[in-house]
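The structure appears below as structure tokens.
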Amino acid sequence: MAKPMPNHSAPAQAAAGLDEGPLESIRFTGLNAGPKLIVLGAVHGNETCGPNAIRRIIEECRSGKLVIRRGEVTFLPIANPKAYRLKTREGDRNLNRDMREKPLPANYEDRIGNHICALLRQHEVLLDVHSFRGEGEPFVFFGPEDNRGELEPFRQAQAEGAFAACLGVPVVIHGWLDNYARLIAAREELNLPRLSVTEGYGTTEYMRFAGGYGVTLECGSHDDPASIEIGYAAILNALAHLGLIDAPAPSTAGRTVIHITQVIICEAEGDKVEGDWKTGDALAKGQVIARRANGAAVTAPEAGYIIFPSTTAKPGEGICYFGVKSARTL
């Protein structure tokens, strides 16, 4: 008598499928030459505005309401399926850190990261759609000026800056990787475990490394329905700006451009932000930003802006970042 076939639909298989399911990408190719854009959602699984906005655009492309005339666009609505299904920021680790090929992947994000890197190399422009905890204005992160330095050499700053400015949000920010290097140095002074600068590399940093350019769009609060609309409008603006669809070029005027210049690190338990700050809030010189556990005040070194205030920072993490009005024009 033949042995029964294994039941691949058993609960154990279903559980394994949580982190074994495929990545789904949808690509639309125009019949005329043009750039290659990729749009990512849910790199962090609890940030659902990206998948919702992207799926809406996909349906409009399928129905003919939106027609890709030139170039091509690839949509990856859910870049981190495991975290998305778990409704958590990450599966095994933060996918938007240490983004590079891993010949010997050690965890789930390493494995899907390998496939995402391969997809990014097939494209020229990246729009990565995110959201954030708490309240605040939507903003865009973009990269460095053209340079031949060791940290992040780059040669498409003008194109990337214009792309960041076209997305329709009021604030655009640069200086992430330089300040991640400062965070590493500050941790060393506190005798905390050393981090590698590659931990600061995410999707956009990998895209620049691969020869393209890309930006991270933060659409607003995780649970705010308006964040979906921000993401949807930004994708439409991206398609119009790059000429993939027939639509007027979106405005790039009136943006507040902020350069992050300093990280304020949590040195001990009890260090905390002082005030109900949001990313992009203006600071006067000398204004108290945070307070150390011993009561000492941390003040703004000059007029500027607060970036990424955190009420949950642990020793070695950023309480917040400080930025100034950028000299760059987009």
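Here's how to read the names in the structure tokens: chain A, B, ... by the order shown, residue numbers from 1 in each chain, ligand numbers from 1 in the order shown.
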Report as a PDB file with all heavy atoms, in the first residue's frame all protein, DNA and RNA residues lying within 8 Å of Ile265 of chain A, evaluated on only C-alpha atoms, omitting residues in the same chain fewer than 3 positions from it.
ATOM      1  N   LEU A 183      26.745  59.329  14.459  1.00  0.00           N
ATOM      2  CA  LEU A 183      26.140  58.488  15.492  1.00  0.00           C
ATOM      3  C   LEU A 183      27.089  57.361  15.889  1.00  0.00           C
ATOM      4  O   LEU A 183      27.255  57.056  17.076  1.00  0.00           O
ATOM      5  CB  LEU A 183      24.817  57.913  14.990  1.00  0.00           C
ATOM      6  CG  LEU A 183      24.084  56.961  15.934  1.00  0.00           C
ATOM      7  CD1 LEU A 183      23.582  57.699  17.165  1.00  0.00           C
ATOM      8  CD2 LEU A 183      22.916  56.285  15.223  1.00  0.00           C
ATOM      9  N   ALA A 186      29.790  58.791  18.069  1.00  0.00           N
ATOM     10  CA  ALA A 186      29.288  59.104  19.409  1.00  0.00           C
ATOM     11  C   ALA A 186      29.122  57.841  20.249  1.00  0.00           C
ATOM     12  O   ALA A 186      29.394  57.836  21.456  1.00  0.00           O
ATOM     13  CB  ALA A 186      27.960  59.853  19.311  1.00  0.00           C
ATOM     14  N   PRO A 315      20.115  54.252  25.288  1.00  0.00           N
ATOM     15  CA  PRO A 315      21.519  54.665  25.179  1.00  0.00           C
ATOM     16  C   PRO A 315      22.161  54.173  23.889  1.00  0.00           C
ATOM     17  O   PRO A 315      22.065  52.997  23.539  1.00  0.00           O
ATOM     18  CB  PRO A 315      22.156  54.023  26.418  1.00  0.00           C
ATOM     19  CG  PRO A 315      21.049  54.000  27.420  1.00  0.00           C
ATOM     20  CD  PRO A 315      19.810  53.687  26.624  1.00  0.00           C
ATOM     21  N   GLY A 316      22.779  55.132  23.182  1.00  0.00           N
ATOM     22  CA  GLY A 316      23.397  54.816  21.902  1.00  0.00           C
ATOM     23  C   GLY A 316      22.521  55.118  20.708  1.00  0.00           C
ATOM     24  O   GLY A 316      22.981  55.048  19.571  1.00  0.00           O
ATOM     25  N   GLU A 317      21.259  55.475  20.945  1.00  0.00           N
ATOM     26  CA  GLU A 317      20.340  55.837  19.871  1.00  0.00           C
ATOM     27  C   GLU A 317      20.137  57.350  19.842  1.00  0.00           C
ATOM     28  O   GLU A 317      20.442  58.054  20.810  1.00  0.00           O
ATOM     29  CB  GLU A 317      18.997  55.136  20.050  1.00  0.00           C
ATOM     30  CG  GLU A 317      19.094  53.617  20.008  1.00  0.00           C
ATOM     31  CD  GLU A 317      17.776  52.933  20.281  1.00  0.00           C
ATOM     32  OE1 GLU A 317      16.811  53.615  20.705  1.00  0.00           O
ATOM     33  OE2 GLU A 317      17.703  51.707  20.071  1.00  0.00           O
ATOM     34  N   GLY A 318      19.631  57.858  18.736  1.00  0.00           N
ATOM     35  CA  GLY A 318      19.414  59.290  18.619  1.00  0.00           C
ATOM     36  C   GLY A 318      18.161  59.735  19.354  1.00  0.00           C
ATOM     37  O   GLY A 318      17.075  59.204  19.108  1.00  0.00           O
ATOM     38  N   ILE A 319      18.328  60.712  20.266  1.00  0.00           N
ATOM     39  CA  ILE A 319      17.149  61.361  20.860  1.00  0.00           C
ATOM     40  C   ILE A 319      16.439  62.155  19.769  1.00  0.00           C
ATOM     41  O   ILE A 319      15.216  62.179  19.671  1.00  0.00           O
ATOM     42  CB  ILE A 319      17.554  62.302  22.007  1.00  0.00           C
ATOM     43  CG1 ILE A 319      18.194  61.532  23.147  1.00  0.00           C
ATOM     44  CG2 ILE A 319      16.337  63.076  22.523  1.00  0.00           C
ATOM     45  CD1 ILE A 319      18.744  62.417  24.244  1.00  0.00           C
ATOM     46  N   CYS A 320      17.239  62.807  18.945  1.00  0.00           N
ATOM     47  CA  CYS A 320      16.734  63.550  17.794  1.00  0.00           C
ATOM     48  C   CYS A 320      17.930  63.962  16.952  1.00  0.00           C
ATOM     49  O   CYS A 320      19.091  63.782  17.342  1.00  0.00           O
ATOM     50  CB  CYS A 320      15.924  64.777  18.222  1.00  0.00           C
ATOM     51  SG  CYS A 320      16.890  66.021  19.106  1.00  0.00           S
TER      52      CYS A 320
END
Legend entry - Spatial neighbours of segment 227-230 of chain A, max dist 12 Å, only C-alpha atoms, sep filter under 4 positions, as a count of residues only: 38
Legend entry - Exercise: Cys266 of chain A partners within 12 Å, only C-alpha atoms, chain neighbours under 3 positions left out, as a VMD selection string: chain A and resid 183 186 to 187 190 192 263 269 to 273 290 to 293 298 309 to 321
Inset, instruction - Can you check which residues of segment 91-201 of chain A DSSP gives as alpha helix (DSSP H) on the backbone and send them as number ranges by chain? - result: A: 108-121, 157-165, 176-189
Inset, instruction - Using only C-alpha atoms, find the one residue out of A:Ile58, A:Leu244, A:Met207, A:Ile307 that sits nearest to Arg70 of chain A. - result: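 When distances to Arg70 of chain A are compared using only C-alpha atoms, the smallest one comes from A:Leu244.
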Inset, instruction - Quick one: everything within 9 Å of Glu205 of chain A, counting only C-alpha atoms, minus sequence neighbours fewer than 6 positions away in the same chain. Send it as JSON, numbers by chain. - result: {"A": [99, 143, 152, 177, 213, 214]}
Inset, instruction - Give me the residues within 10 Å of segment 85-90 of chain A as a count of residues only, counting only C-alpha atoms and dropping any in the same chain fewer than 6 places off. - result: 13
Inset, instruction - Could you check which of A:Arg121, A:Arg255, A:Arg155, A:Arg97 is closest to Ile173 of chain A, using only C-alpha atoms? - result: A:Arg255
Inset, instruction - Mind the document's chain letters and residue numbers, and return as an MDAnalysis selection string the residues of segment 45-292 of chain A that DSSP labels strand (DSSP E). - result: chainID A and resid 70:76 125:132 139:141 171:174 213:221 256:265 272:273 282:283 288:291
Could the residues in this selection be written to a file with C-alpha atoms, as a short mmCIF file (atom, residue, chain, number, x, y, z; two decimals), in the first residue's frame?
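selection05.cif, written as the output of this step:
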data_model
loop_
_atom_site.label_atom_id
_atom_site.label_comp_id
_atom_site.auth_asym_id
_atom_site.auth_seq_id
_atom_site.Cartn_x
_atom_site.Cartn_y
_atom_site.Cartn_z
CA ARG A 70 7.15 56.01 -22.05
CA GLY A 71 9.78 54.05 -20.20
CA GLU A 72 8.62 51.58 -17.60
CA VAL A 73 7.54 51.45 -13.99
CA THR A 74 7.77 48.50 -11.60
CA PHE A 75 5.62 48.44 -8.50
CA LEU A 76 6.57 46.34 -5.47
CA VAL A 125 15.01 55.89 -10.33
CA LEU A 126 13.53 54.79 -6.99
CA LEU A 127 10.59 56.08 -5.00
CA ASP A 128 10.37 54.34 -1.60
CA VAL A 129 7.07 55.10 0.19
CA HIS A 130 7.03 55.13 4.01
CA SER A 131 5.11 56.56 6.98
CA PHE A 132 6.10 57.40 10.57
CA PHE A 139 8.70 65.00 4.07
CA VAL A 140 11.19 63.53 1.61
CA PHE A 141 14.71 62.30 2.27
CA VAL A 171 9.78 69.55 3.46
CA VAL A 172 12.83 67.87 1.90
CA ILE A 173 15.79 66.75 3.99
CA HIS A 174 19.35 65.62 3.27
CA TYR A 213 19.09 57.83 -7.80
CA GLY A 214 16.22 57.60 -5.36
CA VAL A 215 14.33 59.22 -2.51
CA THR A 216 12.40 58.13 0.58
CA LEU A 217 8.94 59.65 0.95
CA GLU A 218 7.52 59.83 4.47
CA CYS A 219 3.79 60.34 3.90
CA GLY A 220 2.65 61.10 7.45
CA SER A 221 1.40 59.09 10.42
CA THR A 256 11.74 73.90 2.80
CA VAL A 257 15.15 72.25 2.36
CA ILE A 258 16.84 71.08 5.57
CA HIS A 259 20.40 69.84 5.99
CA ILE A 260 20.88 67.53 9.01
CA THR A 261 24.09 68.61 10.75
CA GLN A 262 24.03 67.02 14.18
CA VAL A 263 22.76 63.97 16.07
CA ILE A 264 21.82 64.31 19.73
CA ILE A 265 22.51 60.90 21.20
CA LYS A 272 14.82 62.54 26.73
CA VAL A 273 13.36 65.07 24.34
CA ALA A 282 11.62 75.29 13.71
CA LEU A 283 14.01 75.96 16.59
CA VAL A 288 15.94 73.62 24.79
CA ILE A 289 15.59 70.48 22.68
CA ALA A 290 16.27 67.74 25.22
CA ARG A 291 17.33 67.23 28.78
#
Inset, instruction - Using atom CA of Gly161 of chain A and atom CA of Val39 of chain A as the two end points, give the distance in Å to one decimal. - result: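 So the two atoms, atom CA of Gly161 of chain A and atom CA of Val39 of chain A, lie 17.1 Å apart.
Among the candidates A:Ala162, A:Ile306, A:Ile112, A:Ile68, the one nearest to Lys278 of chain A when counting only C-alpha atoms is A:Ile306.
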Inset, instruction - State, in Å with one decimal place, the distance from atom CA of Thr299 of chain A to atom CA of Ala284 of chain A. - result: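 Here the two named atoms are 9.2 Å from each other.
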Inset, instruction - Using only C-alpha atoms, pick whichever of A:Pro35, A:Gly30, A:Pro250, A:Gly323 has the shortest atom-to-atom distance to Ala300 of chain A. - result: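 Comparing A:Pro35, A:Gly30, A:Pro250, A:Gly323 against Ala300 of chain A, the winner is A:Gly323.
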Legend entry - Distance criterion (only C-alpha atoms): nearest to Tyr232 of chain A out of A:Ser25, A:Pro81, A:Glu150, A:Glu60: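 Using only C-alpha atoms, Tyr232 of chain A sits closest to A:Glu60.
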